[in-house]
>>> print(open('structure30.txt').read())   # compact mmCIF, C-alpha atoms
# COMPACT_ATOMS: atom_id res chain seq x y z
CA MET M 289 71.68 -19.70 7.83
CA ASP M 290 69.87 -18.57 4.69
CA LEU M 291 69.64 -21.68 2.49
CA ARG M 292 67.15 -20.24 0.00
CA THR M 293 67.47 -21.00 -3.70
CA THR M 294 65.37 -20.45 -6.81
CA TYR M 295 64.44 -23.37 -9.06
CA LEU M 296 62.08 -23.14 -12.06
CA GLY M 297 60.93 -19.78 -10.75
CA PHE M 298 60.01 -21.12 -7.29
CA GLU M 299 61.82 -19.75 -4.26
CA LEU M 300 62.66 -22.78 -2.17
CA PRO M 301 63.82 -22.76 1.48
CA HIS M 302 66.81 -24.91 0.51
CA PRO M 303 67.95 -26.95 -2.53
CA VAL M 304 67.03 -30.49 -1.38
CA ILE M 305 64.01 -31.91 -3.19
CA VAL M 306 62.60 -35.42 -3.48
CA GLY M 307 63.43 -36.79 -6.92
CA ALA M 308 61.17 -38.94 -9.08
CA SER M 309 60.62 -42.12 -7.10
CA PRO M 310 58.05 -44.46 -5.50
CA ILE M 311 57.92 -42.06 -2.54
CA CYS M 312 55.30 -39.93 -4.29
CA ASP M 313 52.95 -42.93 -4.57
CA ASP M 314 52.57 -43.16 -0.78
CA LEU M 315 50.92 -40.16 0.84
CA ASP M 316 52.38 -41.10 4.23
CA LEU M 317 55.91 -41.07 2.82
CA VAL M 318 55.21 -37.74 1.11
CA ARG M 319 53.98 -36.24 4.38
CA ARG M 320 57.08 -37.52 6.18
CA ALA M 321 59.32 -36.02 3.50
CA VAL M 322 57.59 -32.64 3.71
CA ASP M 323 57.65 -32.73 7.52
CA ALA M 324 61.40 -33.37 7.27
CA GLY M 325 61.70 -30.24 5.15
CA ALA M 326 61.56 -31.40 1.51
CA ALA M 327 61.55 -28.24 -0.60
CA ALA M 328 59.61 -29.83 -3.49
CA ILE M 329 58.35 -33.22 -4.68
CA VAL M 330 59.03 -34.69 -8.12
CA MET M 331 56.55 -37.40 -9.02
CA HIS M 332 57.64 -40.62 -10.65
CA SER M 333 57.32 -40.68 -14.42
CA LEU M 334 54.19 -41.24 -16.44
CA PHE M 335 55.53 -43.14 -19.44
CA GLU M 336 54.79 -42.62 -23.11
CA GLU M 337 54.09 -46.35 -23.34
CA GLN M 338 51.42 -46.09 -20.63
CA ILE M 339 49.61 -43.30 -22.45
CA GLU M 340 49.77 -45.11 -25.78
CA LEU M 341 48.42 -48.29 -24.16
CA GLU M 342 45.61 -46.31 -22.56
CA ASN M 343 44.69 -44.91 -25.97
CA ALA M 344 44.75 -48.33 -27.64
CA THR M 345 41.64 -50.49 -27.69
CA HIS M 346 41.49 -53.63 -25.56
CA GLU M 347 40.95 -55.62 -28.74
CA ALA M 348 44.18 -54.34 -30.28
CA ILE M 349 46.10 -55.12 -27.11
CA GLY M 350 44.70 -58.66 -27.08
CA LEU M 351 45.54 -59.23 -30.72
CA HIS M 352 49.08 -57.92 -30.68
CA GLY M 353 50.26 -57.97 -27.08
CA ASP M 354 52.00 -61.36 -27.40
CA SER M 355 53.02 -61.18 -31.05
CA PHE M 356 56.65 -61.08 -30.01
CA ALA M 357 56.43 -62.99 -26.76
CA GLU M 358 60.15 -63.20 -25.95
CA ALA M 359 60.84 -59.49 -26.44
CA GLY M 360 57.43 -58.41 -25.17
CA SER M 361 57.88 -60.20 -21.88
CA TYR M 362 60.37 -57.51 -20.87
CA LEU M 363 57.82 -54.73 -21.34
CA PRO M 364 55.26 -53.96 -18.62
CA THR M 365 51.58 -54.66 -19.18
CA PRO M 366 49.06 -51.97 -18.22
CA HIS M 367 48.56 -53.72 -14.85
CA ASP M 368 52.30 -53.58 -14.07
CA TYR M 369 52.38 -49.79 -13.77
CA VAL M 370 51.79 -48.41 -10.30
CA LEU M 371 49.53 -45.64 -11.56
CA GLY M 372 47.75 -45.52 -14.90
CA PRO M 373 47.30 -42.17 -16.69
CA ASP M 374 43.98 -41.35 -14.98
CA ALA M 375 45.24 -42.43 -11.56
CA TYR M 376 48.37 -40.34 -12.12
CA LEU M 377 46.27 -37.20 -12.56
CA GLU M 378 44.31 -38.08 -9.43
CA GLN M 379 47.57 -38.52 -7.51
CA ILE M 380 48.60 -35.00 -8.51
CA ARG M 381 45.35 -33.69 -7.05
CA LYS M 382 45.86 -35.65 -3.84
CA LEU M 383 49.42 -34.43 -3.41
CA LYS M 384 48.41 -30.82 -4.00
CA SER M 385 45.71 -31.14 -1.34
CA GLU M 386 48.18 -32.66 1.15
CA VAL M 387 51.35 -30.60 0.82
CA GLY M 388 52.30 -26.96 0.58
CA VAL M 389 55.42 -27.40 -1.53
CA PRO M 390 55.73 -27.42 -5.35
CA VAL M 391 54.62 -30.69 -6.95
CA ILE M 392 56.52 -31.42 -10.15
CA ALA M 393 54.99 -34.03 -12.45
CA SER M 394 57.10 -36.11 -14.85
CA LEU M 395 56.50 -37.28 -18.41
CA ASN M 396 58.91 -39.89 -19.74
CA GLY M 397 59.28 -40.81 -23.41
CA VAL M 398 61.30 -40.65 -26.60
CA THR M 399 59.04 -39.64 -29.51
CA ASP M 400 57.53 -36.33 -30.52
CA SER M 401 54.05 -37.80 -30.97
CA GLY M 402 50.58 -37.26 -29.54
CA TRP M 403 51.34 -38.51 -26.03
CA LEU M 404 52.89 -35.11 -25.25
CA HIS M 405 49.39 -33.61 -25.19
CA TYR M 406 49.15 -35.11 -21.70
CA ALA M 407 51.13 -32.10 -20.47
CA ARG M 408 47.94 -30.06 -20.61
CA LEU M 409 46.04 -32.58 -18.49
CA ILE M 410 48.86 -32.57 -15.95
CA GLN M 411 48.57 -28.80 -15.71
CA GLU M 412 44.79 -29.02 -15.27
CA ALA M 413 45.26 -31.56 -12.49
CA GLY M 414 47.19 -28.94 -10.53
CA ALA M 415 50.90 -29.69 -10.97
CA ASP M 416 53.19 -26.73 -10.38
CA ALA M 417 55.81 -27.73 -12.98
CA LEU M 418 56.66 -30.56 -15.34
CA GLU M 419 59.82 -32.60 -15.77
CA LEU M 420 60.18 -33.95 -19.33
CA ASN M 421 62.31 -37.05 -18.94
CA VAL M 422 63.90 -38.06 -22.25
CA TYR M 423 65.12 -41.59 -21.65
CA SER M 424 66.42 -42.86 -24.97
CA ASN M 425 68.90 -45.48 -26.13
CA ALA M 426 70.12 -44.70 -29.64
CA LEU M 427 70.21 -48.29 -30.86
CA THR M 428 69.45 -47.72 -34.51
CA LEU M 429 72.41 -47.49 -36.89
CA ARG M 430 70.57 -45.27 -39.35
CA GLU M 431 69.66 -42.22 -37.28
CA SER M 432 72.28 -39.50 -36.89
CA ALA M 433 73.15 -37.67 -33.69
CA LEU M 434 71.65 -34.48 -35.14
CA ALA M 435 68.37 -36.22 -35.97
CA ILE M 436 68.05 -37.50 -32.40
CA GLU M 437 68.86 -34.08 -31.00
CA ASP M 438 66.32 -32.45 -33.32
CA ARG M 439 63.63 -34.83 -32.03
CA VAL M 440 64.38 -33.88 -28.43
CA VAL M 441 64.07 -30.21 -29.33
CA ARG M 442 60.75 -30.84 -31.06
CA MET M 443 59.52 -32.64 -27.94
CA VAL M 444 60.41 -29.65 -25.78
CA GLN M 445 58.79 -27.22 -28.22
CA GLN M 446 55.57 -29.23 -28.28
CA VAL M 447 55.32 -29.49 -24.50
CA VAL M 448 55.99 -25.76 -24.15
CA THR M 449 53.09 -25.04 -26.52
CA GLU M 450 50.82 -27.43 -24.59
CA THR M 451 51.19 -25.81 -21.17
CA PRO M 452 52.44 -22.64 -19.47
CA LEU M 453 53.94 -24.74 -16.68
CA PRO M 454 57.71 -24.32 -16.24
CA ILE M 455 59.40 -27.24 -18.00
CA ALA M 456 62.59 -28.94 -16.83
CA VAL M 457 64.19 -31.38 -19.28
CA LYS M 458 65.90 -34.43 -17.82
CA LEU M 459 68.57 -35.94 -20.04
CA SER M 460 71.30 -38.54 -20.02
CA PRO M 461 74.90 -37.35 -20.47
CA PHE M 462 75.38 -39.38 -23.66
CA TRP M 463 75.24 -36.66 -26.31
CA THR M 464 77.84 -35.66 -28.88
CA SER M 465 77.76 -32.05 -27.67
CA PHE M 466 75.73 -31.81 -24.48
CA GLY M 467 76.35 -28.08 -24.02
CA HIS M 468 75.04 -27.30 -27.49
CA LEU M 469 71.91 -29.36 -26.88
CA ALA M 470 71.38 -27.47 -23.62
CA THR M 471 71.42 -24.14 -25.47
CA ARG M 472 68.87 -25.46 -27.99
CA ILE M 473 66.63 -26.65 -25.16
CA GLU M 474 66.90 -23.21 -23.54
CA SER M 475 65.97 -21.51 -26.84
CA SER M 476 62.96 -23.85 -27.15
CA GLY M 477 61.37 -22.39 -24.03
CA ALA M 478 62.35 -24.83 -21.27
CA LYS M 479 63.12 -23.32 -17.88
CA GLY M 480 65.36 -26.00 -16.38
CA LEU M 481 67.69 -28.90 -16.99
CA VAL M 482 68.05 -32.00 -14.80
CA LEU M 483 71.46 -33.71 -14.84
CA PHE M 484 71.25 -36.67 -15.30
CA ASN M 485 69.10 -39.63 -16.09
CA ARG M 486 70.31 -42.90 -14.60
CA PHE M 487 70.39 -45.67 -17.17
CA TYR M 488 69.34 -48.98 -15.67
CA GLN M 489 71.61 -51.17 -17.77
CA PRO M 490 70.70 -54.79 -18.40
CA ASP M 491 73.19 -57.42 -17.28
CA ILE M 492 73.95 -60.83 -18.80
CA ASP M 493 73.46 -64.13 -16.98
CA PRO M 494 76.01 -66.53 -18.58
CA GLU M 495 74.59 -69.61 -16.86
CA ARG M 496 71.02 -69.08 -18.06
CA LEU M 497 72.12 -67.38 -21.30
CA GLU M 498 69.70 -64.57 -20.65
CA VAL M 499 69.70 -60.82 -20.49
CA ALA M 500 69.03 -60.03 -16.83
CA LEU M 501 67.15 -56.96 -15.62
CA THR M 502 68.97 -55.19 -12.76
CA LEU M 503 68.26 -52.36 -10.37
CA LYS M 504 70.98 -50.68 -8.33
CA LEU M 505 70.50 -47.59 -6.23
CA SER M 506 72.87 -44.70 -6.84
CA SER M 507 76.15 -44.14 -5.01
CA PRO M 508 78.10 -40.89 -4.44
CA SER M 509 80.61 -42.01 -7.08
CA GLU M 510 77.98 -41.08 -9.70
CA LEU M 511 78.07 -37.45 -8.58
CA LEU M 512 81.32 -36.61 -10.41
CA LEU M 513 79.80 -36.60 -13.90
CA ARG M 514 77.00 -34.35 -12.66
CA LEU M 515 79.47 -31.93 -11.08
CA ARG M 516 81.43 -31.61 -14.30
CA TRP M 517 78.43 -30.62 -16.39
CA LEU M 518 76.84 -28.45 -13.73
CA ALA M 519 80.09 -26.50 -13.61
CA GLN M 520 80.24 -26.32 -17.41
CA LEU M 521 76.72 -24.89 -17.73
CA SER M 522 76.45 -22.75 -14.58
CA GLY M 523 76.81 -19.05 -15.35
CA ARG M 524 76.54 -19.74 -19.09
CA THR M 525 72.81 -20.44 -19.32
CA THR M 526 69.64 -19.02 -17.82
CA LEU M 527 68.27 -22.52 -17.23
CA SER M 528 67.64 -23.67 -13.67
CA LEU M 529 70.02 -26.55 -13.01
CA SER M 530 69.07 -29.58 -10.94
CA CYS M 531 71.47 -32.33 -9.88
CA SER M 532 69.97 -35.83 -9.97
CA GLY M 533 71.96 -38.94 -9.08
CA GLY M 534 74.64 -39.55 -6.47
CA ALA M 535 73.67 -37.03 -3.78
CA HIS M 536 73.45 -38.85 -0.44
CA THR M 537 74.86 -36.42 2.15
CA ALA M 538 75.14 -32.70 2.86
CA ASN M 539 78.66 -32.84 1.46
CA ASP M 540 77.28 -34.15 -1.84
CA VAL M 541 74.65 -31.40 -1.91
CA LEU M 542 77.31 -28.82 -1.16
CA LYS M 543 79.48 -30.01 -4.05
CA ALA M 544 76.55 -29.76 -6.45
CA VAL M 545 75.72 -26.24 -5.23
CA LEU M 546 79.34 -25.09 -5.55
CA ALA M 547 79.31 -26.43 -9.12
CA GLY M 548 76.15 -24.42 -9.83
CA ALA M 549 73.09 -26.50 -8.95
CA HIS M 550 69.91 -24.65 -7.99
CA SER M 551 68.33 -27.81 -6.62
CA VAL M 552 69.55 -31.28 -5.70
CA GLN M 553 67.28 -34.29 -6.07
CA MET M 554 67.52 -37.15 -3.60
CA VAL M 555 66.05 -40.61 -4.04
CA SER M 556 68.39 -43.48 -3.17
CA ALA M 557 69.47 -41.97 0.15
CA LEU M 558 65.83 -41.49 1.17
CA LEU M 559 64.87 -45.02 0.15
CA GLN M 560 67.76 -46.35 2.24
CA ARG M 561 67.49 -44.05 5.27
CA GLY M 562 63.93 -42.78 5.19
CA PRO M 563 62.50 -39.35 4.32
CA GLU M 564 63.68 -37.96 7.67
CA HIS M 565 67.21 -37.96 6.22
CA ILE M 566 66.32 -34.65 4.53
CA ALA M 567 66.38 -32.83 7.88
CA LYS M 568 69.87 -34.13 8.66
CA VAL M 569 71.15 -33.11 5.23
CA THR M 570 69.83 -29.55 5.45
CA ASN M 571 71.03 -29.13 9.05
CA ASP M 572 74.51 -30.38 8.11
CA LEU M 573 74.54 -28.10 5.06
CA ALA M 574 73.64 -25.05 7.16
CA ARG M 575 76.30 -25.99 9.72
CA TRP M 576 79.05 -26.29 7.09
CA LEU M 577 78.19 -22.94 5.50
CA GLY M 578 78.15 -21.24 8.89
CA ASP M 579 81.44 -22.82 9.95
CA HIS M 580 83.04 -21.56 6.74
CA GLU M 581 81.68 -18.03 7.20
CA TYR M 582 79.14 -17.99 4.37
CA GLN M 583 76.16 -15.72 4.87
CA SER M 584 73.87 -17.64 2.51
CA LEU M 585 73.70 -20.57 0.14
CA ARG M 586 73.51 -18.20 -2.83
CA GLN M 587 76.94 -16.87 -1.89
CA ALA M 588 78.36 -20.34 -2.51
CA GLN M 589 76.19 -21.23 -5.51
CA GLY M 590 78.28 -21.64 -8.65
CA SER M 591 81.45 -20.34 -7.02
CA LEU M 592 83.41 -23.26 -8.46
CA ASN M 593 81.83 -23.35 -11.90
CA LEU M 594 83.80 -22.94 -15.12
CA VAL M 595 83.23 -19.18 -15.10
CA HIS M 596 84.44 -18.56 -11.55
CA THR M 597 87.00 -21.24 -10.79
CA PRO M 598 90.62 -20.01 -10.88
CA HIS M 599 91.56 -23.28 -12.62
CA PRO M 600 89.07 -23.86 -15.46
CA GLU M 601 91.43 -26.36 -17.04
CA VAL M 602 90.42 -28.97 -14.45
CA TYR M 603 87.01 -29.17 -16.14
CA GLU M 604 88.63 -29.71 -19.51
CA ARG M 605 91.69 -31.89 -20.29
CA GLY M 606 93.84 -30.66 -17.42
CA ASN M 607 92.42 -33.01 -14.80
CA TYR M 608 92.55 -35.94 -17.23
CA LEU M 609 96.21 -35.35 -18.05
CA LYS M 610 97.38 -34.63 -14.53
CA ILE M 611 95.63 -37.60 -12.96
CA LEU M 612 96.95 -40.08 -15.53
CA GLN M 613 100.50 -38.72 -15.49
CA GLY M 614 100.54 -38.55 -11.69
CA TYR M 615 99.31 -42.11 -11.39
CA ALA M 616 101.96 -43.33 -13.82
CA ARG M 617 104.74 -41.66 -11.81
CA SER M 618 103.42 -43.07 -8.55
CA MET M 619 103.78 -46.58 -9.91
CA LEU M 620 107.51 -46.18 -10.60
>>> encode(input="structure30.txt", output="structure tokens")
Amino acid sequence: MDLRTTYLGFELPHPVIVGASPICDDLDLVRRAVDAGAAAIVMHSLFEEQIELENATHEAIGLHGDSFAEAGSYLPTPHDYVLGPDAYLEQIRKLKSEVGVPVIASLNGVTDSGWLHYARLIQEAGADALELNVYSNALTLRESALAIEDRVVRMVQQVVTETPLPIAVKLSPFWTSFGHLATRIESSGAKGLVLFNRFYQPDIDPERLEVALTLKLSSPSELLLRLRWLAQLSGRTTLSLSCSGGAHTANDVLKAVLAGAHSVQMVSALLQRGPEHIAKVTNDLARWLGDHEYQSLRQAQGSLNLVHTPHPEVYERGNYLKILQGYARSML
């Protein structure tokens, strides 16, 4: 079965890639993932805060690091990060020397400031592409939705001017008009869009009266939001589309491809089952396509997007209305 797909200009043997995760920090895990067939590796993020800390003097850090001790205790110190900026560049070089698949670096931040110049250093270290991860909580009451969107666009434009690497922008779904933002990102020179960021929401501990930090791996239930927007954008943009979050099995990958994904990023399933899970997913995907008389993955890609589906209303209000009305009748 021909499972080939094109993502960010790279022809991949199949759509399953390793998403940004701790896997890339361990060369043995990376080798196991590639041996299992991983089509590409996305490195974990290098954070804006790391780069700014690296640029600050030790004296300034000592003077101001504990000025707001209660709030500051929730922020990592330079020693808490797995890889500092220099070590991150060295890890890119190591990965490129070890594997023969595309290595996609990741920059994570929220401002359009000087830290974005690091894109050039990432290119010089040998990365094949760059994922710009815009992880932002709009907590201020004074900044409009348009102002926030404009800042994201400026970030993309700056990174595009810094490096010729293909840029994929990773966003959350929480935008007033996500489709419009996607078109602006496309016009700014990005080559791909990653749907979506997973927000690691803080919890509240009533007994200790504290905000509690939590980490939960993804579940397939998170895939539905990705499918909706993949289907909305597929066939209506030239951007490469990557599904991130909720893909655990070949069936999940298949759904994303049918909605229009060019690649599908896996993390949680690999952390739970090991990198060898990639081989099972791609084998199961090939088997399903063959059993259903497809000649290639590309034949299925986007066949259920908004452009091609015979029932486009299910991606709009139709599904919402029918589900709610059907549930109400079933209760009578």
>>> residues_around(input="structure30.txt", residues="region 546-550 of chain M", least_positions_apart="3", cutoff="8 Å", atoms="all atoms listed in the file", output="number ranges by chain")
M: 293-295, 303, 515-516, 518-519, 521-523, 528-531, 542-543, 588-593
>>> closest_residue(input="structure30.txt", among="M:Ala435, M:Val448, M:Leu527, M:Ala417", to="Gly467 (chain M)", atoms="all atoms listed in the file")
M:Leu527
>>> residues_near_point(input="structure30.txt", point="(64.3, -23.5, -0.9)", cutoff="8 Å", atoms="only C-alpha atoms", output="PyMOL selection string")
chain M and resi 291-294+299-304+327
>>> residues_around(input="structure30.txt", residues="Leu418 (chain M)", least_positions_apart="3", cutoff="6 Å", atoms="only C-alpha atoms", output="mmCIF file with C-alpha atoms, in the frame of the given file")
data_model
loop_
_atom_site.group_PDB
_atom_site.id
_atom_site.type_symbol
_atom_site.label_atom_id
_atom_site.label_comp_id
_atom_site.auth_asym_id
_atom_site.auth_seq_id
_atom_site.Cartn_x
_atom_site.Cartn_y
_atom_site.Cartn_z
ATOM 1 C CA ILE M 392 56.520 -31.420 -10.150
ATOM 2 C CA ALA M 393 54.990 -34.030 -12.450
ATOM 3 C CA SER M 394 57.100 -36.110 -14.850
ATOM 4 C CA ILE M 455 59.400 -27.240 -18.000
#
>>> closest_residue(input="structure30.txt", among="M:Ser465, M:Ser556, M:Asn571, M:Asn343", to="Ile311 (chain M)", atoms="all atoms listed in the file")
M:Ser556
>>> residues_around(input="structure30.txt", residues="Leu420 (chain M)", least_positions_apart="2", cutoff="9 Å", atoms="all atoms listed in the file", output="PyMOL selection string")
chain M and resi 333+393-397+418+422+443-444+447+455-459
>>> atom_distance(input="structure30.txt", atom1="CA of Val441 (chain M)", atom2="CA of Arg514 (chain M)")
21.5 Å
>>> residues_near_point(input="structure30.txt", point="(53.0, -28.2, -3.2)", cutoff="10 Å", atoms="all atoms listed in the file", output="PyMOL selection string")
chain M and resi 322+327-329+380+383-392+414-416
>>> residues_around(input="structure30.txt", residues="Ser532 (chain M)", least_positions_apart="3", cutoff="7 Å", atoms="all atoms listed in the file", output="mmCIF file with C-alpha atoms, keeping the file's coordinate frame")
data_model
loop_
_atom_site.group_PDB
_atom_site.id
_atom_site.type_symbol
_atom_site.label_atom_id
_atom_site.label_comp_id
_atom_site.auth_asym_id
_atom_site.auth_seq_id
_atom_site.Cartn_x
_atom_site.Cartn_y
_atom_site.Cartn_z
ATOM 1 C CA VAL M 482 68.050 -32.000 -14.800
ATOM 2 C CA LEU M 483 71.460 -33.710 -14.840
ATOM 3 C CA PHE M 484 71.250 -36.670 -15.300
ATOM 4 C CA VAL M 552 69.550 -31.280 -5.700
ATOM 5 C CA GLN M 553 67.280 -34.290 -6.070
ATOM 6 C CA MET M 554 67.520 -37.150 -3.600
#
>>> atom_distance(input="structure30.txt", atom1="CA of Leu371 (chain M)", atom2="CA of Asp313 (chain M)")
8.2 Å
>>> atom_distance(input="structure30.txt", atom1="CA of Leu427 (chain M)", atom2="CA of Val440 (chain M)")
15.7 Å
>>> closest_residue(input="structure30.txt", among="M:Leu559, M:Ile566, M:Thr471, M:Leu594", to="Trp517 (chain M)", atoms="only C-alpha atoms")
M:Leu594
>>> closest_residue(input="structure30.txt", among="M:Ile473, M:Leu558, M:Leu296, M:Ile410", to="Asp438 (chain M)", atoms="all atoms listed in the file")
M:Ile473
>>> closest_residue(input="structure30.txt", among="M:Ala413, M:Leu573, M:Thr526, M:Val318", to="Ser475 (chain M)", atoms="all atoms listed in the file")
M:Thr526
>>> closest_residue(input="structure30.txt", among="M:Thr570, M:Arg486, M:Asp323, M:Gln520", to="His596 (chain M)", atoms="all atoms listed in the file")
M:Gln520
>>> residues_around(input="structure30.txt", residues="Ala557 (chain M)", least_positions_apart="4", cutoff="9 Å", atoms="all atoms listed in the file", output="NGL selection string")
:M and (505-507 or 534-537 or 561-563 or 565)
>>> decode(input="structure30.txt", residues="region 545-567 of chain M", atoms="N, CA and C atoms", output="PDB file, in the first residue's frame")
ATOM      1  N   VAL M 545      -6.656  11.843   8.386  1.00  0.00           N
ATOM      2  CA  VAL M 545      -6.327  11.874   6.962  1.00  0.00           C
ATOM      3  C   VAL M 545      -7.586  12.121   6.133  1.00  0.00           C
ATOM      4  N   LEU M 546      -8.667  11.440   6.446  1.00  0.00           N
ATOM      5  CA  LEU M 546      -9.917  11.641   5.716  1.00  0.00           C
ATOM      6  C   LEU M 546     -10.402  13.087   5.843  1.00  0.00           C
ATOM      7  N   ALA M 547     -10.134  13.710   7.006  1.00  0.00           N
ATOM      8  CA  ALA M 547     -10.516  15.103   7.209  1.00  0.00           C
ATOM      9  C   ALA M 547      -9.587  16.063   6.469  1.00  0.00           C
ATOM     10  N   GLY M 548      -8.381  15.583   6.113  1.00  0.00           N
ATOM     11  CA  GLY M 548      -7.479  16.423   5.330  1.00  0.00           C
ATOM     12  C   GLY M 548      -6.076  16.567   5.858  1.00  0.00           C
ATOM     13  N   ALA M 549      -5.703  15.844   6.911  1.00  0.00           N
ATOM     14  CA  ALA M 549      -4.361  15.966   7.474  1.00  0.00           C
ATOM     15  C   ALA M 549      -3.307  15.421   6.515  1.00  0.00           C
ATOM     16  N   HIS M 550      -2.171  16.120   6.444  1.00  0.00           N
ATOM     17  CA  HIS M 550      -1.021  15.635   5.676  1.00  0.00           C
ATOM     18  C   HIS M 550      -0.049  14.868   6.573  1.00  0.00           C
ATOM     19  N   SER M 551      -0.089  15.168   7.859  1.00  0.00           N
ATOM     20  CA  SER M 551       0.687  14.402   8.828  1.00  0.00           C
ATOM     21  C   SER M 551      -0.099  14.326  10.120  1.00  0.00           C
ATOM     22  N   VAL M 552       0.232  13.320  10.930  1.00  0.00           N
ATOM     23  CA  VAL M 552      -0.441  13.128  12.213  1.00  0.00           C
ATOM     24  C   VAL M 552       0.636  12.923  13.264  1.00  0.00           C
ATOM     25  N   GLN M 553       0.636  13.776  14.277  1.00  0.00           N
ATOM     26  CA  GLN M 553       1.661  13.725  15.305  1.00  0.00           C
ATOM     27  C   GLN M 553       1.196  12.861  16.476  1.00  0.00           C
ATOM     28  N   MET M 554       2.061  11.976  16.899  1.00  0.00           N
ATOM     29  CA  MET M 554       1.773  11.112  18.045  1.00  0.00           C
ATOM     30  C   MET M 554       2.762  11.396  19.168  1.00  0.00           C
ATOM     31  N   VAL M 555       2.235  11.480  20.377  1.00  0.00           N
ATOM     32  CA  VAL M 555       3.065  11.624  21.569  1.00  0.00           C
ATOM     33  C   VAL M 555       2.567  10.712  22.680  1.00  0.00           C
ATOM     34  N   SER M 556       1.350  10.974  23.158  1.00  0.00           N
ATOM     35  CA  SER M 556       0.840  10.242  24.322  1.00  0.00           C
ATOM     36  C   SER M 556       0.838   8.737  24.098  1.00  0.00           C
ATOM     37  N   ALA M 557       0.410   8.301  22.921  1.00  0.00           N
ATOM     38  CA  ALA M 557       0.363   6.863  22.640  1.00  0.00           C
ATOM     39  C   ALA M 557       1.756   6.250  22.680  1.00  0.00           C
ATOM     40  N   LEU M 558       2.766   7.006  22.231  1.00  0.00           N
ATOM     41  CA  LEU M 558       4.138   6.493  22.228  1.00  0.00           C
ATOM     42  C   LEU M 558       4.722   6.485  23.633  1.00  0.00           C
ATOM     43  N   LEU M 559       4.367   7.470  24.438  1.00  0.00           N
ATOM     44  CA  LEU M 559       4.827   7.480  25.826  1.00  0.00           C
ATOM     45  C   LEU M 559       4.209   6.328  26.611  1.00  0.00           C
ATOM     46  N   GLN M 560       2.985   5.959  26.267  1.00  0.00           N
ATOM     47  CA  GLN M 560       2.294   4.882  26.972  1.00  0.00           C
ATOM     48  C   GLN M 560       2.697   3.506  26.465  1.00  0.00           C
ATOM     49  N   ARG M 561       2.930   3.369  25.163  1.00  0.00           N
ATOM     50  CA  ARG M 561       3.129   2.054  24.552  1.00  0.00           C
ATOM     51  C   ARG M 561       4.526   1.840  23.980  1.00  0.00           C
ATOM     52  N   GLY M 562       5.316   2.896  23.955  1.00  0.00           N
ATOM     53  CA  GLY M 562       6.655   2.780  23.404  1.00  0.00           C
ATOM     54  C   GLY M 562       6.697   3.184  21.938  1.00  0.00           C
ATOM     55  N   PRO M 563       7.873   3.608  21.444  1.00  0.00           N
ATOM     56  CA  PRO M 563       8.000   4.046  20.056  1.00  0.00           C
ATOM     57  C   PRO M 563       7.627   2.981  19.033  1.00  0.00           C
ATOM     58  N   GLU M 564       7.746   1.698  19.423  1.00  0.00           N
ATOM     59  CA  GLU M 564       7.428   0.611  18.491  1.00  0.00           C
ATOM     60  C   GLU M 564       5.958   0.620  18.062  1.00  0.00           C
ATOM     61  N   HIS M 565       5.137   1.355  18.779  1.00  0.00           N
ATOM     62  CA  HIS M 565       3.709   1.454  18.442  1.00  0.00           C
ATOM     63  C   HIS M 565       3.507   2.049  17.053  1.00  0.00           C
ATOM     64  N   ILE M 566       4.482   2.819  16.574  1.00  0.00           N
ATOM     65  CA  ILE M 566       4.375   3.424  15.240  1.00  0.00           C
ATOM     66  C   ILE M 566       4.212   2.350  14.175  1.00  0.00           C
ATOM     67  N   ALA M 567       4.984   1.277  14.276  1.00  0.00           N
ATOM     68  CA  ALA M 567       4.918   0.207  13.273  1.00  0.00           C
ATOM     69  C   ALA M 567       3.531  -0.418  13.234  1.00  0.00           C
TER      70      ALA M 567
END
